[in-house]
Structures are given as structure tokens and as C-alpha cells.
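Report on one structure; see the data block that follows.
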Amino acid sequence: MTAGYPTWRSDLPELMDDPSSDRRLLERTLRQFGLINRLFSRSDELLRRYLLDDMVRQGRTSATVLDVGAGAGDIARRLVRSARRRGLNLSITCLDSDHRVVQYAQRNLVNEPSITVQSGSIFEPAHHRAQRYDYVFCNHFLHHLQDDEIARFLDIAHRITRRRLLVNDLLRSYWAALGYKLFAALFLRASFAQHDGVLSIRRGFRPAELRRLVDGSAWVNEATVHTAVPGRVYLLGTRSSSSSRALSRSLCSRVVGAETASRSATSD
Ligand SMILES: C[S@@+](CC[C@H](N)C(=O)[O-])C[C@H]1O[C@@H](n2cnc3c(N)ncnc32)[C@H](O)[C@@H]1O
């Protein structure tokens, strides 16, 4: 794919994704991303609306959540605290494939027993084969993937989500890039945030592109794509109760099948 802009998604690599990149700069980047998340990502608000309000509507008081590509885990920490203030209990798993990021997140989240930090890629079977979560969420993760990986990710997310998927990412637009460049030049020094932030926007999505990716996935009838100011595009997927029932049935029959298989293996 070419790196044309904004017609095509860029596929240039981000500096933070280089495993040999300077660790001090990487950690400062994670701190600065925390500031960007709070000011611009809208994730706190989207999670309140689509996760916490949803729990209340459903009469639930506890739920499990997976944050994919969780970075420093700052969004997960605010989510767990916001849930607690409303009398809701969340058990959040923060998954990230970069072990340096994971170590940073573990230090950052040391006082949060409701959050577990796991190291690994969502594409590794160990992180998606047996697990199911009520809610699956990611912020600024999707644009790290190529289109074929996004298709795989959406199918994995469909299998592991019991209730809802929220994928919040960047809208690819000149205005978003211009605004970010100005902010970054003023406030984000001595890190990868200036370079990677602009590149992330170039790797971001137009709503129709994200919709096409959804249409090619198991979410085709269960997800909607939205935009939000400033420069956000997000996907909201809600498992229909019939597909959740079908999922429980298929899990149930797989468990029964596995038990039968293990019983016959034992009796052999
Ligand atoms: C731009 S950061 C976003 C971090 C965090 N969600 C935030 O909003 O601050 C993207 C993160 O995704 C992680 N990542 C990339 N590919 C991954 C994969 N296949 N599985 C899990 N994490 C991945 C990277 O290591 C990186 O920490």
C-alpha cells in the first residue's frame, strides 16, 4: 500500500513499535499519550456511555473487561475508578505485546488489584482461545494493524466478546493532523509522541473504510461506526442475545465434547 495521504492509510512503522527504540523516550511517550487520552481521546466518556451505563441498564453489578493494546493502562485505571464510584465492580485485563510497555504498565497499576496486566499479542491463541470477556475495548490500537490483521482481530473480538466491543481510534484527516502538530510542537517534547502521533493519524481511518472492514467481519449485523470530535472514529459492536445464546450453546457443547473426549481418553 502506498503512503498517500489522506486517500490511503499509511503503513509506515511507528518509532514506539521498534523493539530497540530508546526506553526512556518510550516511557515518556506513554506518559504523554496518557495526557492525550485524557484531553482528546473521548474514551472515558465512550466507556461511561457504552459500558458503565449499559451495565446499569442490564442490572449488572460486575463485569469482565479486556483492554487490547492497553499501553500504560491509564484508561483502564480511570474506568475502574469511575465504575467503583457507581457501585460497579470491574475486573480488567490489560493486554500489550511490548514487554517494555507491560513493565511500565505494571508499575503504573501496582495499586489497582482489579487490573491484571498481561504480556502478549491478541493474535496468540493463549490470549483468545479460551477466554471470554463481557466487554472488549481498545484505544489507539487498531491503527497499528494492517487491514488483513484488522479482519483477524475483528473475528477474534467477536468470539471473545459476550456483550460489547468498543474500538476507539483516529480519524484520518488533514485537520486532525494539523491540530495535533500544533499541540505536539507546544507540549510534547523529547519523546516519540510528535512523530508517532502524526503518523498514527495517517494510519487512521475514514469512517467508510472502517465500515468496509466491519462488513467483511463477523460483526456485519452487530456493529455501527461513528465519528466524534476531535478527530475520532469508533466502532461499537453489541452481541445480539441470540448470537450470545448460540455462543454459550457452542461453548457448552465444546466443553461437553471436551469432557466426553477426556473421559474417553481416560477410559482408553
Ligand atoms: C498507540 S499504543 C496505545 C496504548 C493505549 N491503548 C493508549 O491509548 O494509550 C498501541 C499499543 O498497542 C500495542 N500492540 C500492538 N500490537 C499489539 C498486539 N497484536 N497485541 C497486543 N498489543 C499490541 C503496542 O505495544 C502499544 O502499546
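Within each chain, counting starts at residue 1; across the C-alpha cells, chains are named A, B, ... in the order shown, with ligands numbered 1 upward in that order.
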As an NGL selection string, which residues of region 85-250 of chain A does DSSP assign to helix (DSSP H, G or I)? :A and (85 or 99-108 or 125-127 or 142-144 or 147-160 or 174-187 or 193-202 or 207-215 or 241-250)
At a cut-off of 6 Å and counting only C-alpha atoms and all ligand atoms, what residues surround ligand 1? Please answer as a ChimeraX atom specification. /A:33-34,68-71,95-98,101,120-123,138-141,144
Could you pull the residues within 9 Å of Arg77 (chain A), counting only C-alpha atoms, minus those fewer than 5 positions along the same chain, as a tab-separated table (two decimals) with N, CA and C atoms, in the first residue's frame?
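File written: out.tsv
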```tsv
chain	number	residue	atom	x	y	z
A	82	SER	N	-14.03	4.95	37.97
A	82	SER	CA	-15.33	5.52	37.66
A	82	SER	C	-16.43	4.49	37.94
A	92	ILE	N	-10.49	-5.96	35.08
A	92	ILE	CA	-9.96	-5.57	33.77
A	92	ILE	C	-8.63	-6.27	33.48
A	109	LEU	N	0.23	0.51	37.54
A	109	LEU	CA	-1.05	0.00	38.03
A	109	LEU	C	-0.90	-0.83	39.30
A	112	GLU	N	-3.73	-1.13	41.82
A	112	GLU	CA	-5.07	-1.43	41.31
A	112	GLU	C	-5.29	-2.94	41.23
A	115	ILE	N	-7.06	-4.70	38.25
A	115	ILE	CA	-6.49	-4.70	36.90
A	115	ILE	C	-5.32	-5.68	36.84
```
With region 188-201 of chain A as the partner and 8 Å as the cut-off, tabulate the residues of region 84-180 of chain A that qualify, each row holding the nearest pair of atoms and their distance in Å to one decimal, using only C-alpha atoms, sorted by chain and rising number, as a Markdown table.
```
| residue | atom | partner | partner_atom | distance |
| --- | --- | --- | --- | --- |
| A:His143 | CA | A:Ser200 | CA | 6.7 |
| A:His144 | CA | A:Ser200 | CA | 7.8 |
| A:Leu170 | CA | A:Ile201 | CA | 5.8 |
| A:Leu171 | CA | A:Ile201 | CA | 6.6 |
| A:Arg172 | CA | A:Ile201 | CA | 5.2 |
| A:Ser173 | CA | A:Ile201 | CA | 7.2 |
| A:Ala176 | CA | A:Ile201 | CA | 7.3 |
| A:Ala177 | CA | A:Val198 | CA | 5.8 |
| A:Tyr180 | CA | A:Val198 | CA | 6.9 |
```
Please indicate the distance in Å from CA of Val102 (chain A) to CA of Thr116 (chain A), rounded to one decimal place. 10.5 Å
Compile a residue-level contact table for region 5-55 of chain A against region 163-167 of chain A at a cut-off of 10 Å, reporting for every qualifying residue the shortest atom pair and its distance in Å to one decimal, with only C-alpha atoms counted, rows ordered by chain and ascending number, as CSV.
```
residue,atom,partner,partner_atom,distance
A:Ser43,CA,A:Leu166,CA,9.4
A:Leu46,CA,A:Leu166,CA,8.3
A:Leu47,CA,A:Leu166,CA,8.0
A:Tyr50,CA,A:Leu166,CA,7.9
A:Leu51,CA,A:Arg164,CA,7.7
A:Asp54,CA,A:Arg164,CA,9.2
A:Met55,CA,A:Arg163,CA,9.8
```
Write the residues of the preceding selection, restricted to N, CA and C atoms, as a PDB file, in the first residue's frame.
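Final output, saved to again34.pdb:
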```pdb
ATOM      1  N   SER A  43     -12.277   8.502  25.186  1.00  0.00           N
ATOM      2  CA  SER A  43     -12.509   7.132  25.640  1.00  0.00           C
ATOM      3  C   SER A  43     -13.233   7.065  26.978  1.00  0.00           C
ATOM      4  N   LEU A  46     -16.851   7.602  26.266  1.00  0.00           N
ATOM      5  CA  LEU A  46     -17.452   6.495  25.492  1.00  0.00           C
ATOM      6  C   LEU A  46     -17.627   5.269  26.374  1.00  0.00           C
ATOM      7  N   LEU A  47     -16.650   5.023  27.239  1.00  0.00           N
ATOM      8  CA  LEU A  47     -16.752   3.859  28.123  1.00  0.00           C
ATOM      9  C   LEU A  47     -17.847   4.047  29.170  1.00  0.00           C
ATOM     10  N   TYR A  50     -21.123   3.565  26.928  1.00  0.00           N
ATOM     11  CA  TYR A  50     -21.404   2.279  26.285  1.00  0.00           C
ATOM     12  C   TYR A  50     -21.093   1.072  27.161  1.00  0.00           C
ATOM     13  N   LEU A  51     -20.368   1.291  28.226  1.00  0.00           N
ATOM     14  CA  LEU A  51     -20.047   0.162  29.104  1.00  0.00           C
ATOM     15  C   LEU A  51     -20.744   0.311  30.459  1.00  0.00           C
ATOM     16  N   ASP A  54     -24.457   0.793  30.203  1.00  0.00           N
ATOM     17  CA  ASP A  54     -25.022  -0.470  29.712  1.00  0.00           C
ATOM     18  C   ASP A  54     -25.158  -1.474  30.856  1.00  0.00           C
ATOM     19  N   MET A  55     -24.135  -1.528  31.729  1.00  0.00           N
ATOM     20  CA  MET A  55     -24.209  -2.442  32.875  1.00  0.00           C
ATOM     21  C   MET A  55     -25.404  -2.093  33.754  1.00  0.00           C
TER      22      MET A  55
END
```
